[in-house]
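**Student:** File follows, coords39.cif with mmCIF, C-alpha atoms (C1' of nucleotides):
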data_target
#
loop_
_atom_site.label_atom_id
_atom_site.label_comp_id
_atom_site.auth_asym_id
_atom_site.auth_seq_id
_atom_site.Cartn_x
_atom_site.Cartn_y
_atom_site.Cartn_z
CA MET A 15 -59.10 -2.21 -21.02
CA SER A 16 -61.61 -4.42 -19.28
CA SER A 17 -60.88 -8.05 -18.57
CA ARG A 18 -64.23 -9.44 -19.56
CA ALA A 19 -63.79 -13.05 -20.48
CA VAL A 20 -63.52 -14.28 -24.02
CA GLN A 21 -67.18 -14.97 -24.76
CA ASP A 22 -67.34 -15.62 -28.45
CA THR A 23 -65.70 -14.85 -31.75
CA GLU A 24 -67.86 -11.78 -32.13
CA GLY A 25 -66.85 -9.99 -28.96
CA GLN A 26 -64.49 -7.11 -29.51
CA ASP A 27 -62.80 -7.94 -26.24
CA ALA A 28 -61.39 -11.07 -27.79
CA ALA A 29 -58.93 -8.68 -29.42
CA VAL A 30 -57.19 -7.82 -26.18
CA VAL A 31 -57.55 -11.06 -24.24
CA GLY A 32 -55.39 -14.12 -24.71
CA CYS A 33 -52.27 -14.30 -26.81
CA SER A 34 -53.77 -14.80 -30.25
CA THR A 35 -52.20 -13.03 -33.15
CA ARG A 36 -55.16 -10.66 -33.14
CA ALA A 37 -54.65 -9.81 -29.48
CA ILE A 38 -51.00 -8.99 -30.08
CA ARG A 39 -51.85 -6.97 -33.14
CA ALA A 40 -54.19 -4.84 -31.02
CA LEU A 41 -51.52 -4.35 -28.34
CA VAL A 42 -48.81 -3.44 -30.83
CA ALA A 43 -51.19 -1.03 -32.53
CA GLU A 44 -52.05 0.58 -29.20
CA LEU A 45 -48.43 0.95 -28.14
CA HIS A 46 -47.50 2.31 -31.53
CA LYS A 47 -50.38 4.77 -31.37
CA ARG A 48 -49.21 6.11 -28.02
CA MET A 49 -45.58 6.44 -29.04
CA ASP A 50 -46.67 8.00 -32.29
CA ALA A 51 -48.95 10.46 -30.53
CA HIS A 52 -46.09 11.35 -28.22
CA GLN A 53 -43.73 11.94 -31.10
CA ARG A 54 -46.37 13.89 -32.99
CA GLY A 55 -46.87 16.13 -29.99
CA ARG A 56 -43.18 16.73 -29.38
CA SER A 57 -42.63 17.37 -33.09
CA ALA A 58 -45.44 19.91 -33.03
CA ASP A 59 -43.68 21.63 -30.13
CA PHE A 60 -41.03 22.53 -32.68
CA ASP A 61 -43.53 23.26 -35.48
CA LEU A 62 -42.58 20.11 -37.32
CA THR A 63 -44.93 17.61 -38.92
CA PRO A 64 -44.18 13.97 -38.00
CA THR A 65 -42.56 13.38 -41.39
CA GLN A 66 -40.43 16.49 -41.12
CA ALA A 67 -39.32 15.35 -37.68
CA LYS A 68 -38.50 11.87 -38.97
CA ALA A 69 -36.50 13.37 -41.83
CA LEU A 70 -34.60 15.58 -39.41
CA GLU A 71 -33.81 12.55 -37.25
CA GLU A 72 -32.59 10.52 -40.21
CA LEU A 73 -30.36 13.31 -41.48
CA GLY A 74 -27.99 12.83 -38.55
CA ARG A 75 -25.77 11.79 -41.43
CA PRO A 76 -26.11 13.36 -44.90
CA LYS A 77 -28.19 11.41 -47.38
CA THR A 78 -29.33 11.72 -50.97
CA ALA A 79 -33.02 12.24 -51.65
CA ARG A 80 -33.44 8.61 -52.63
CA GLU A 81 -31.75 7.37 -49.51
CA LEU A 82 -34.01 9.55 -47.43
CA ALA A 83 -37.04 8.30 -49.37
CA ALA A 84 -36.02 4.74 -48.52
CA VAL A 85 -35.81 5.28 -44.76
CA LEU A 86 -39.02 7.33 -44.76
CA TYR A 87 -40.80 4.64 -46.79
CA CYS A 88 -42.09 7.14 -49.32
CA GLU A 89 -41.58 8.18 -52.93
CA PRO A 90 -38.98 10.75 -54.08
CA PRO A 91 -41.50 13.53 -54.82
CA ASN A 92 -42.51 13.54 -51.17
CA VAL A 93 -38.90 14.01 -50.15
CA THR A 94 -38.77 17.09 -52.35
CA TYR A 95 -41.94 18.28 -50.62
CA VAL A 96 -40.56 17.72 -47.11
CA VAL A 97 -37.05 19.01 -47.79
CA ASP A 98 -38.48 22.18 -49.40
CA LYS A 99 -40.04 23.07 -46.08
CA LEU A 100 -36.99 22.18 -44.00
CA GLU A 101 -34.80 24.17 -46.37
CA LYS A 102 -37.06 27.22 -46.15
CA ARG A 103 -36.62 27.11 -42.39
CA GLY A 104 -32.88 26.97 -42.80
CA LEU A 105 -32.52 23.51 -41.27
CA VAL A 106 -31.25 21.69 -44.36
CA VAL A 107 -29.26 22.57 -47.46
CA ARG A 108 -29.02 20.73 -50.78
CA GLU A 109 -25.37 20.35 -51.69
CA PRO A 110 -23.97 18.91 -54.90
CA HIS A 111 -23.05 15.25 -54.55
CA PRO A 112 -19.27 14.75 -54.70
CA GLN A 113 -19.38 11.68 -56.96
CA ASP A 114 -22.62 12.01 -58.91
CA ARG A 115 -23.60 15.36 -60.36
CA ARG A 116 -27.22 14.22 -60.81
CA ALA A 117 -27.65 13.63 -57.10
CA LYS A 118 -27.76 16.00 -54.16
CA GLN A 119 -26.52 15.62 -50.63
CA LEU A 120 -29.05 16.67 -48.03
CA VAL A 121 -27.07 18.15 -45.16
CA LEU A 122 -28.25 19.67 -41.90
CA THR A 123 -27.22 23.24 -41.18
CA GLU A 124 -25.84 24.15 -37.78
CA GLU A 125 -29.35 25.23 -36.79
CA GLY A 126 -30.70 21.93 -38.12
CA ARG A 127 -28.25 19.91 -36.06
CA GLU A 128 -29.14 21.83 -32.93
CA LEU A 129 -32.87 21.43 -33.47
CA ARG A 130 -32.40 17.72 -34.17
CA LEU A 131 -30.63 17.16 -30.87
CA GLU A 132 -33.20 19.18 -28.94
CA LEU A 133 -35.97 17.18 -30.58
CA LEU A 134 -34.36 13.83 -29.77
CA ARG A 135 -33.80 14.90 -26.19
CA ARG A 136 -37.38 16.07 -25.87
CA ILE A 137 -38.77 12.86 -27.38
CA GLY A 138 -36.68 10.74 -25.04
CA ARG A 139 -37.82 12.59 -21.95
CA ASP A 140 -41.32 11.81 -20.67
CA SER A 141 -41.77 9.07 -23.25
CA PRO A 142 -44.66 6.60 -22.89
CA LEU A 143 -41.97 4.09 -21.89
CA ALA A 144 -40.47 6.21 -19.13
CA HIS A 145 -42.05 4.06 -16.41
CA LEU A 146 -40.09 0.98 -17.50
CA SER A 147 -36.77 0.14 -15.89
CA ARG A 148 -33.72 -0.41 -18.02
CA GLU A 149 -34.12 -4.17 -17.51
CA GLU A 150 -37.77 -4.12 -18.50
CA ARG A 151 -36.91 -2.21 -21.66
CA ALA A 152 -34.22 -4.77 -22.45
CA VAL A 153 -36.70 -7.64 -22.14
CA LEU A 154 -39.26 -5.82 -24.26
CA ARG A 155 -36.62 -5.12 -26.87
CA GLU A 156 -35.55 -8.77 -26.87
CA GLN A 157 -39.11 -9.93 -27.54
CA LEU A 158 -39.66 -7.38 -30.28
CA VAL A 159 -36.47 -8.42 -32.04
CA ARG A 160 -37.53 -12.05 -31.79
CA ALA A 161 -40.92 -11.24 -33.25
CA LEU A 162 -39.33 -9.34 -36.12
CA ASP A 163 -36.63 -11.90 -36.78
CA GLY A 164 -38.53 -14.69 -38.43
CA ALA A 165 -41.23 -12.51 -39.91
CA GLN A 166 -41.16 -11.85 -43.62
CA ALA A 167 -40.09 -8.29 -44.32
CA MET B 27 -30.46 -4.07 -39.77
CA SER B 28 -26.74 -3.91 -39.27
CA SER B 29 -25.18 -4.20 -35.86
CA ARG B 30 -22.71 -1.37 -36.22
CA ALA B 31 -21.86 -0.13 -32.78
CA VAL B 32 -23.40 2.94 -31.22
CA GLN B 33 -20.87 5.52 -32.30
CA ASP B 34 -22.45 8.81 -31.49
CA THR B 35 -25.72 10.61 -31.07
CA GLU B 36 -25.84 11.35 -34.76
CA GLY B 37 -25.65 7.81 -36.05
CA GLN B 38 -28.95 6.48 -37.34
CA ASP B 39 -28.00 3.02 -36.12
CA ALA B 40 -28.38 4.22 -32.56
CA ALA B 41 -32.08 3.83 -33.25
CA VAL B 42 -31.95 0.06 -33.44
CA VAL B 43 -29.13 -0.74 -31.07
CA GLY B 44 -29.40 -0.81 -27.31
CA CYS B 45 -32.62 -0.55 -25.39
CA SER B 46 -33.17 3.18 -25.40
CA THR B 47 -36.67 4.52 -25.78
CA ARG B 48 -35.75 5.48 -29.31
CA ALA B 49 -34.59 1.96 -30.15
CA ILE B 50 -37.83 0.48 -28.90
CA ARG B 51 -39.86 3.07 -30.75
CA ALA B 52 -38.15 2.00 -33.97
CA LEU B 53 -38.83 -1.68 -33.27
CA VAL B 54 -42.47 -1.12 -32.37
CA ALA B 55 -42.91 1.00 -35.49
CA GLU B 56 -41.35 -1.73 -37.64
CA LEU B 57 -43.49 -4.49 -36.17
CA HIS B 58 -46.59 -2.36 -36.51
CA LYS B 59 -45.71 -1.59 -40.10
CA ARG B 60 -45.45 -5.27 -40.94
CA MET B 61 -48.66 -6.25 -39.22
CA ASP B 62 -50.39 -3.28 -40.81
CA ALA B 63 -49.11 -4.22 -44.26
CA HIS B 64 -50.35 -7.75 -43.69
CA GLN B 65 -53.78 -6.57 -42.66
CA ARG B 66 -53.89 -4.12 -45.54
CA GLY B 67 -53.13 -6.94 -47.95
CA ARG B 68 -55.69 -9.34 -46.51
CA SER B 69 -58.32 -6.58 -46.45
CA ALA B 70 -57.60 -5.87 -50.09
CA ASP B 71 -58.21 -9.56 -50.80
CA PHE B 72 -61.83 -8.84 -49.90
CA ASP B 73 -61.90 -5.44 -51.66
CA LEU B 74 -61.93 -3.61 -48.35
CA THR B 75 -59.85 -0.58 -47.43
CA PRO B 76 -58.08 -0.90 -44.07
CA THR B 77 -60.62 1.39 -42.43
CA GLN B 78 -63.54 -0.54 -43.88
CA ALA B 79 -61.97 -3.76 -42.60
CA LYS B 80 -61.44 -2.26 -39.14
CA ALA B 81 -65.05 -1.08 -39.07
CA LEU B 82 -66.24 -4.55 -40.08
CA GLU B 83 -64.16 -6.06 -37.28
CA GLU B 84 -65.51 -3.65 -34.70
CA LEU B 85 -69.11 -4.23 -35.73
CA GLY B 86 -69.02 -7.74 -34.27
CA ARG B 87 -71.51 -6.07 -31.95
CA PRO B 88 -73.84 -3.30 -33.18
CA LYS B 89 -72.70 0.25 -32.49
CA THR B 90 -73.88 3.78 -33.09
CA ALA B 91 -71.92 5.96 -35.49
CA ARG B 92 -70.31 7.82 -32.60
CA GLU B 93 -69.27 4.62 -30.90
CA LEU B 94 -67.72 3.41 -34.13
CA ALA B 95 -65.97 6.76 -34.57
CA ALA B 96 -64.46 6.35 -31.10
CA VAL B 97 -62.96 2.92 -31.74
CA LEU B 98 -61.75 3.95 -35.20
CA TYR B 99 -60.19 7.11 -33.75
CA CYS B 100 -61.83 9.33 -36.34
CA GLU B 101 -64.56 11.96 -36.66
CA PRO B 102 -68.24 11.16 -37.29
CA PRO B 103 -68.28 12.35 -40.92
CA ASN B 104 -65.73 9.70 -41.77
CA VAL B 105 -67.96 7.03 -40.27
CA THR B 106 -70.73 8.17 -42.58
CA TYR B 107 -68.25 7.89 -45.45
CA VAL B 108 -67.14 4.37 -44.52
CA VAL B 109 -70.58 3.04 -43.63
CA ASP B 110 -72.00 4.35 -46.89
CA LYS B 111 -69.68 2.02 -48.77
CA LEU B 112 -70.27 -0.97 -46.53
CA GLU B 113 -74.02 -0.43 -46.79
CA LYS B 114 -73.88 -0.25 -50.60
CA ARG B 115 -72.19 -3.64 -50.55
CA GLY B 116 -74.94 -5.01 -48.38
CA LEU B 117 -72.65 -5.70 -45.42
CA VAL B 118 -74.20 -3.24 -42.95
CA VAL B 119 -77.62 -1.71 -42.37
CA ARG B 120 -78.54 1.44 -40.44
CA GLU B 121 -81.35 0.60 -38.06
CA PRO B 122 -83.25 3.03 -35.84
CA HIS B 123 -81.84 3.11 -32.32
CA PRO B 124 -84.32 1.59 -29.83
CA GLN B 125 -83.80 4.24 -27.12
CA ASP B 126 -82.68 7.37 -29.00
CA ARG B 127 -84.44 8.37 -32.20
CA ARG B 128 -81.58 10.68 -33.18
CA ALA B 129 -79.09 7.83 -33.28
CA LYS B 130 -78.74 4.82 -35.55
CA GLN B 131 -77.62 1.30 -34.84
CA LEU B 132 -75.07 0.01 -37.30
CA VAL B 133 -75.73 -3.70 -37.66
CA LEU B 134 -74.01 -6.29 -39.82
CA THR B 135 -76.16 -8.20 -42.29
CA GLU B 136 -75.84 -11.97 -42.55
CA GLU B 137 -73.43 -11.41 -45.45
CA GLY B 138 -71.51 -8.90 -43.36
CA ARG B 139 -71.14 -11.35 -40.48
CA GLU B 140 -69.87 -14.05 -42.81
CA LEU B 141 -67.36 -11.75 -44.48
CA ARG B 142 -66.17 -10.55 -41.09
CA LEU B 143 -65.41 -14.07 -39.92
CA GLU B 144 -63.66 -14.96 -43.17
CA LEU B 145 -61.58 -11.81 -42.88
CA LEU B 146 -60.57 -12.52 -39.28
CA ARG B 147 -59.67 -16.09 -40.16
CA ARG B 148 -57.59 -14.93 -43.12
CA ILE B 149 -55.78 -12.29 -41.07
CA GLY B 150 -54.96 -14.80 -38.36
CA ARG B 151 -53.51 -17.30 -40.81
CA ASP B 152 -50.04 -16.56 -42.22
CA SER B 153 -49.65 -13.58 -39.93
CA PRO B 154 -46.21 -11.96 -39.45
CA LEU B 155 -46.26 -13.58 -36.01
CA ALA B 156 -46.92 -17.08 -37.27
CA HIS B 157 -43.34 -18.18 -36.60
CA LEU B 158 -43.71 -17.58 -32.86
CA SER B 159 -44.72 -20.41 -30.57
CA ARG B 160 -47.68 -20.01 -28.27
CA GLU B 161 -45.26 -19.48 -25.37
CA GLU B 162 -43.30 -16.83 -27.23
CA ARG B 163 -46.49 -14.99 -28.06
CA ALA B 164 -47.49 -15.15 -24.40
CA VAL B 165 -44.19 -13.58 -23.33
CA LEU B 166 -44.44 -10.89 -25.99
CA ARG B 167 -47.98 -10.13 -24.91
CA GLU B 168 -46.91 -9.92 -21.27
CA GLN B 169 -44.23 -7.36 -22.12
CA LEU B 170 -46.56 -5.29 -24.26
CA VAL B 171 -49.18 -5.18 -21.53
CA ARG B 172 -46.51 -4.12 -19.04
CA ALA B 173 -45.35 -1.36 -21.37
CA LEU B 174 -48.90 -0.13 -21.87
CA ASP B 175 -49.85 -0.39 -18.22
CA GLY B 176 -48.06 2.55 -16.70
CA ALA B 177 -48.05 4.67 -19.82
CA GLN B 178 -50.35 7.64 -19.97
CA ALA B 179 -53.20 6.94 -22.34
"C1'" DT C 28 -79.58 24.39 -25.25
"C1'" DA C 29 -77.02 20.08 -26.37
"C1'" DT C 30 -76.40 16.04 -29.21
"C1'" DT C 31 -76.82 12.58 -33.40
"C1'" DG C 32 -75.84 11.96 -37.93
"C1'" DT C 33 -75.38 14.00 -42.44
"C1'" DT C 34 -73.79 17.18 -46.08
"C1'" DA C 35 -70.56 20.22 -48.09
"C1'" DT C 36 -66.02 21.51 -48.24
"C1'" DA C 37 -61.03 22.08 -47.53
"C1'" DC C 38 -56.66 20.41 -46.29
"C1'" DT C 39 -52.87 17.07 -45.75
"C1'" DC C 40 -50.40 13.40 -47.32
"C1'" DT C 41 -48.93 10.32 -50.68
"C1'" DA C 42 -48.64 8.40 -55.35
"C1'" DT C 43 -48.08 8.50 -60.55
"C1'" DA C 44 -46.47 10.60 -64.87
"C1'" DA C 45 -43.79 13.64 -67.43
"C1'" DC C 46 -39.68 16.48 -67.64
"C1'" DT C 47 -34.30 17.83 -67.08
"C1'" DA C 48 -29.85 16.87 -66.31
"C1'" DT C 49 -26.69 13.86 -65.80
"C1'" DA C 50 -24.57 8.80 -65.99
"C1'" DT D 6 -30.64 3.64 -72.07
"C1'" DA D 7 -31.09 4.21 -67.27
"C1'" DT D 8 -31.08 7.04 -63.06
"C1'" DA D 9 -31.52 11.44 -59.69
"C1'" DG D 10 -34.34 14.94 -58.61
"C1'" DT D 11 -38.09 18.06 -59.73
"C1'" DT D 12 -42.67 19.58 -61.27
"C1'" DA D 13 -47.48 19.05 -62.00
"C1'" DT D 14 -51.36 16.69 -60.83
"C1'" DA D 15 -54.65 13.44 -58.92
"C1'" DG D 16 -56.32 10.49 -55.41
"C1'" DA D 17 -57.02 8.79 -50.63
"C1'" DG D 18 -58.07 9.96 -46.16
"C1'" DT D 19 -59.24 12.99 -42.60
"C1'" DA D 20 -60.84 17.28 -40.51
"C1'" DT D 21 -63.97 21.48 -39.75
"C1'" DA D 22 -68.42 23.98 -40.26
"C1'" DA D 23 -73.20 24.24 -41.00
"C1'" DC D 24 -77.57 21.93 -40.96
"C1'" DA D 25 -81.95 18.99 -39.70
"C1'" DA D 26 -83.97 16.03 -36.41
"C1'" DT D 27 -84.39 14.84 -31.79
"C1'" DA D 28 -83.17 14.94 -26.76
#
Please lay out the structure from this file as structure tokens.

**Tutor:**
Amino acid sequence: MSSRAVQDTEGQDAAVVGCSTRAIRALVAELHKRMDAHQRGRSADFDLTPTQAKALEELGRPKTARELAAVLYCEPPNVTYVVDKLEKRGLVVREPHPQDRRAKQLVLTEEGRELRLELLRRIGRDSPLAHLSREERAVLREQLVRALDGAQA
Amino acid sequence: MSSRAVQDTEGQDAAVVGCSTRAIRALVAELHKRMDAHQRGRSADFDLTPTQAKALEELGRPKTARELAAVLYCEPPNVTYVVDKLEKRGLVVREPHPQDRRAKQLVLTEEGRELRLELLRRIGRDSPLAHLSREERAVLREQLVRALDGAQA
DNA sequence: TATTGTTATACTCTATAACTATA
DNA sequence: TATAGTTATAGAGTATAACAATA
């Protein structure tokens, strides 16, 4: 990132200079891209697509398909799609729901739980944020929470 | 977001509590999602897909197709795809490159320049960050830059 | 021989609609 | 009648391979 001055409204560098909304959007997008690329890479290390990895993470506790759809921000048919693949690999099983016979509980197998923990460990190590001290991460977190707080969901 | 305590490694709430790498990843992803949704919505207001809008933004200065591909993080065929649509709407023209007759300069038309500025103005207004003061944005920006600084690209 | 942009094509991901079995 | 999950299908969006023009 160069630090060429803000010359005009047309310059693309205006996006990363100053503290305009647009500048912050560019920075958030860049940070997200790096963390996402990191997670994508580590997921691939275990032959998991990013969505499969996210599903595995979220199934630390059993969930129904709809609950999983909610946290993955996707529609139920996609959960079927993802869970099919995890089930074929023996990482997840569909169990009958104790209260509602229409629903199913998605539960990690022993192998699924192990892979989940390995994945989380791997993602945490050599993360794009590894160079920050605990204090720096706390400050960053504080600012992110503040930014999210007043924003409309 | 509840504030249930960090109970164990399996709890999904561990993702948003504390200042672990994972917690920050979740926060960055959430903020990015909101800003992205906002931009998607404002782009749609002008009948632009997010990628078309991003291309329009980046063409504040003329670029070749490969340069545009680089900033859009995509492959050249997709640039052809996007530029085709922008050109049909009269927002962009493909001009011969002055130095290299293989390449083309992608240049905004007068209409394209106007739409670009309207779009940027619209995105800046009522942004998800509008509730932050100028000082708060400055602090947030400072932390984001720090996080990006040492991270491997 | 390498590179620019295009065409043709395939693949991934996600969404909608229709179906079943329960509630 | 409404809801949970599945199936079938279609649509974006993106990627790879082959090609023509030029370097």

**Student:** What would the selection look like, as a list in words, if the PyMOL selection byres ((chain D and resi 24) around 8) were run on the coordinates I just shared?

**Tutor:** DT34 of chain C; DA23 and DA25 of chain D

**Student:** For chain C against chain B, with a cut-off of 12 Å and counting only C-alpha atoms (C1' of nucleotides), what is the closest atom pair and its distance in Å to one decimal for every residue that makes the cut, ordered by chain and number, as CSV?

**Tutor:**
residue,atom,partner,partner_atom,distance
C:DT30,C1',B:Arg128,CA,8.4
C:DT31,C1',B:Arg128,CA,5.1
C:DG32,C1',B:Ala129,CA,7.0
C:DT33,C1',B:Pro103,CA,7.4
C:DT34,C1',B:Pro103,CA,9.0
C:DA35,C1',B:Pro103,CA,10.9
C:DT36,C1',B:Pro103,CA,11.9

**Student:** Any chance you could fit chain A onto chain B with least squares, all Cα atoms in order, and share the moved copy as a CSV table (one decimal) with C-alpha atoms, in the coordinates of the input?

**Tutor:**
chain,number,residue,atom,x,y,z
A,15,MET,CA,-30.8,-4.7,-39.7
A,16,SER,CA,-27.0,-4.5,-39.3
A,17,SER,CA,-25.4,-4.7,-35.9
A,18,ARG,CA,-22.9,-1.9,-36.4
A,19,ALA,CA,-21.9,-0.6,-33.0
A,20,VAL,CA,-23.3,2.6,-31.5
A,21,GLN,CA,-20.8,5.1,-32.8
A,22,ASP,CA,-22.3,8.4,-32.0
A,23,THR,CA,-25.5,10.3,-31.5
A,24,GLU,CA,-25.7,11.0,-35.2
A,25,GLY,CA,-25.6,7.5,-36.5
A,26,GLN,CA,-29.0,6.2,-37.6
A,27,ASP,CA,-28.1,2.8,-36.3
A,28,ALA,CA,-28.3,4.1,-32.8
A,29,ALA,CA,-32.1,3.8,-33.4
A,30,VAL,CA,-32.0,0.0,-33.5
A,31,VAL,CA,-29.2,-0.8,-31.1
A,32,GLY,CA,-29.4,-0.8,-27.3
A,33,CYS,CA,-32.6,-0.5,-25.3
A,34,SER,CA,-33.1,3.3,-25.4
A,35,THR,CA,-36.6,4.6,-25.8
A,36,ARG,CA,-35.7,5.5,-29.4
A,37,ALA,CA,-34.5,2.0,-30.1
A,38,ILE,CA,-37.8,0.6,-28.9
A,39,ARG,CA,-39.8,3.2,-30.7
A,40,ALA,CA,-38.1,2.0,-34.0
A,41,LEU,CA,-38.8,-1.6,-33.2
A,42,VAL,CA,-42.5,-1.0,-32.3
A,43,ALA,CA,-42.9,1.1,-35.5
A,44,GLU,CA,-41.3,-1.7,-37.6
A,45,LEU,CA,-43.5,-4.4,-36.1
A,46,HIS,CA,-46.6,-2.2,-36.4
A,47,LYS,CA,-45.7,-1.5,-40.0
A,48,ARG,CA,-45.4,-5.2,-40.9
A,49,MET,CA,-48.7,-6.2,-39.1
A,50,ASP,CA,-50.3,-3.2,-40.7
A,51,ALA,CA,-49.0,-4.1,-44.2
A,52,HIS,CA,-50.3,-7.6,-43.6
A,53,GLN,CA,-53.7,-6.5,-42.6
A,54,ARG,CA,-53.8,-4.0,-45.5
A,55,GLY,CA,-53.0,-6.8,-47.9
A,56,ARG,CA,-55.6,-9.2,-46.5
A,57,SER,CA,-58.2,-6.4,-46.4
A,58,ALA,CA,-57.5,-5.7,-50.1
A,59,ASP,CA,-58.0,-9.3,-50.9
A,60,PHE,CA,-61.6,-8.6,-50.0
A,61,ASP,CA,-61.7,-5.2,-51.7
A,62,LEU,CA,-61.8,-3.4,-48.3
A,63,THR,CA,-59.7,-0.4,-47.3
A,64,PRO,CA,-58.0,-0.8,-43.9
A,65,THR,CA,-60.6,1.4,-42.3
A,66,GLN,CA,-63.5,-0.5,-43.8
A,67,ALA,CA,-61.9,-3.7,-42.6
A,68,LYS,CA,-61.4,-2.3,-39.1
A,69,ALA,CA,-65.0,-1.1,-39.0
A,70,LEU,CA,-66.2,-4.5,-40.1
A,71,GLU,CA,-64.1,-6.1,-37.3
A,72,GLU,CA,-65.5,-3.8,-34.7
A,73,LEU,CA,-69.1,-4.3,-35.8
A,74,GLY,CA,-69.0,-7.9,-34.4
A,75,ARG,CA,-71.6,-6.3,-32.1
A,76,PRO,CA,-73.9,-3.5,-33.3
A,77,LYS,CA,-72.8,0.0,-32.5
A,78,THR,CA,-74.0,3.6,-33.0
A,79,ALA,CA,-72.0,5.8,-35.3
A,80,ARG,CA,-70.4,7.6,-32.4
A,81,GLU,CA,-69.4,4.4,-30.8
A,82,LEU,CA,-67.8,3.3,-34.0
A,83,ALA,CA,-66.1,6.6,-34.3
A,84,ALA,CA,-64.6,6.2,-30.9
A,85,VAL,CA,-63.1,2.8,-31.6
A,86,LEU,CA,-61.8,3.9,-35.0
A,87,TYR,CA,-60.3,7.0,-33.5
A,88,CYS,CA,-61.9,9.3,-36.0
A,89,GLU,CA,-64.7,11.9,-36.3
A,90,PRO,CA,-68.4,11.1,-37.0
A,91,PRO,CA,-68.3,12.3,-40.6
A,92,ASN,CA,-65.8,9.7,-41.5
A,93,VAL,CA,-68.0,7.0,-40.1
A,94,THR,CA,-70.7,8.2,-42.4
A,95,TYR,CA,-68.2,8.0,-45.2
A,96,VAL,CA,-67.1,4.4,-44.4
A,97,VAL,CA,-70.5,3.0,-43.5
A,98,ASP,CA,-71.9,4.4,-46.8
A,99,LYS,CA,-69.5,2.2,-48.7
A,100,LEU,CA,-70.2,-0.9,-46.5
A,101,GLU,CA,-73.9,-0.3,-46.8
A,102,LYS,CA,-73.7,-0.1,-50.6
A,103,ARG,CA,-72.0,-3.5,-50.6
A,104,GLY,CA,-74.8,-4.9,-48.5
A,105,LEU,CA,-72.5,-5.6,-45.5
A,106,VAL,CA,-74.1,-3.2,-43.1
A,107,VAL,CA,-77.6,-1.7,-42.5
A,108,ARG,CA,-78.5,1.4,-40.5
A,109,GLU,CA,-81.4,0.5,-38.2
A,110,PRO,CA,-83.3,2.8,-35.9
A,111,HIS,CA,-82.0,2.8,-32.4
A,112,PRO,CA,-84.4,1.3,-29.9
A,113,GLN,CA,-84.0,3.9,-27.2
A,114,ASP,CA,-82.9,7.0,-29.0
A,115,ARG,CA,-84.6,8.0,-32.2
A,116,ARG,CA,-81.8,10.4,-33.1
A,117,ALA,CA,-79.3,7.6,-33.2
A,118,LYS,CA,-78.8,4.6,-35.5
A,119,GLN,CA,-77.7,1.1,-34.9
A,120,LEU,CA,-75.1,-0.1,-37.3
A,121,VAL,CA,-75.7,-3.8,-37.8
A,122,LEU,CA,-74.0,-6.3,-40.0
A,123,THR,CA,-76.1,-8.2,-42.5
A,124,GLU,CA,-75.7,-11.9,-42.9
A,125,GLU,CA,-73.3,-11.3,-45.7
A,126,GLY,CA,-71.4,-8.9,-43.5
A,127,ARG,CA,-71.0,-11.4,-40.7
A,128,GLU,CA,-69.8,-14.0,-43.1
A,129,LEU,CA,-67.2,-11.7,-44.7
A,130,ARG,CA,-66.1,-10.5,-41.2
A,131,LEU,CA,-65.3,-14.1,-40.1
A,132,GLU,CA,-63.5,-14.9,-43.4
A,133,LEU,CA,-61.5,-11.7,-43.0
A,134,LEU,CA,-60.5,-12.5,-39.4
A,135,ARG,CA,-59.6,-16.0,-40.3
A,136,ARG,CA,-57.5,-14.8,-43.2
A,137,ILE,CA,-55.7,-12.2,-41.1
A,138,GLY,CA,-54.9,-14.8,-38.4
A,139,ARG,CA,-53.4,-17.2,-40.9
A,140,ASP,CA,-49.9,-16.5,-42.2
A,141,SER,CA,-49.6,-13.5,-39.9
A,142,PRO,CA,-46.2,-11.9,-39.3
A,143,LEU,CA,-46.3,-13.5,-35.9
A,144,ALA,CA,-47.0,-17.0,-37.1
A,145,HIS,CA,-43.4,-18.1,-36.4
A,146,LEU,CA,-43.8,-17.5,-32.7
A,147,SER,CA,-44.9,-20.3,-30.3
A,148,ARG,CA,-47.9,-19.8,-28.1
A,149,GLU,CA,-45.5,-19.3,-25.2
A,150,GLU,CA,-43.5,-16.7,-27.0
A,151,ARG,CA,-46.6,-14.8,-27.9
A,152,ALA,CA,-47.7,-14.9,-24.3
A,153,VAL,CA,-44.4,-13.4,-23.2
A,154,LEU,CA,-44.6,-10.7,-25.9
A,155,ARG,CA,-48.1,-9.9,-24.8
A,156,GLU,CA,-47.1,-9.6,-21.2
A,157,GLN,CA,-44.3,-7.1,-22.0
A,158,LEU,CA,-46.6,-5.1,-24.2
A,159,VAL,CA,-49.3,-4.9,-21.5
A,160,ARG,CA,-46.6,-3.8,-19.0
A,161,ALA,CA,-45.4,-1.1,-21.4
A,162,LEU,CA,-48.9,0.2,-21.9
A,163,ASP,CA,-49.9,0.0,-18.2
A,164,GLY,CA,-48.0,2.9,-16.7
A,165,ALA,CA,-48.0,5.0,-19.8
A,166,GLN,CA,-50.3,8.0,-20.0
A,167,ALA,CA,-53.1,7.3,-22.4

**Student:** Counting only C-alpha atoms (C1' of nucleotides), which residues from chain D have an atom at most 12 Å from any atom of chain B, and could you show them as a ChimeraX atom specification?

**Tutor:** /D:17-22,25-28

**Student:** I need the residue nearest chain A from this list: B:Glu113, B:Glu140, B:Glu162, B:Asp73. Use all atoms listed in the file for the distance.

**Tutor:**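 Ranked by minimum distance to chain A, first place goes to B:Glu162.
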
**Student:** Please, what distance in Å, to one decimal, runs between CA of Leu45 (chain A) and CA of Ala164 (chain B)?

**Tutor:** 16.6 Å

**Student:** Between A:Asp98, A:Asp59, A:Glu72, A:Glu125, which is the closest to chain B once you count only C-alpha atoms?

**Tutor:**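 The answer is A:Glu72, which sits nearest to chain B.
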
**Student:** Any idea what the distance is between CA of Leu162 (chain A) and CA of Leu155 (chain B)?

**Tutor:** 8.1 Å
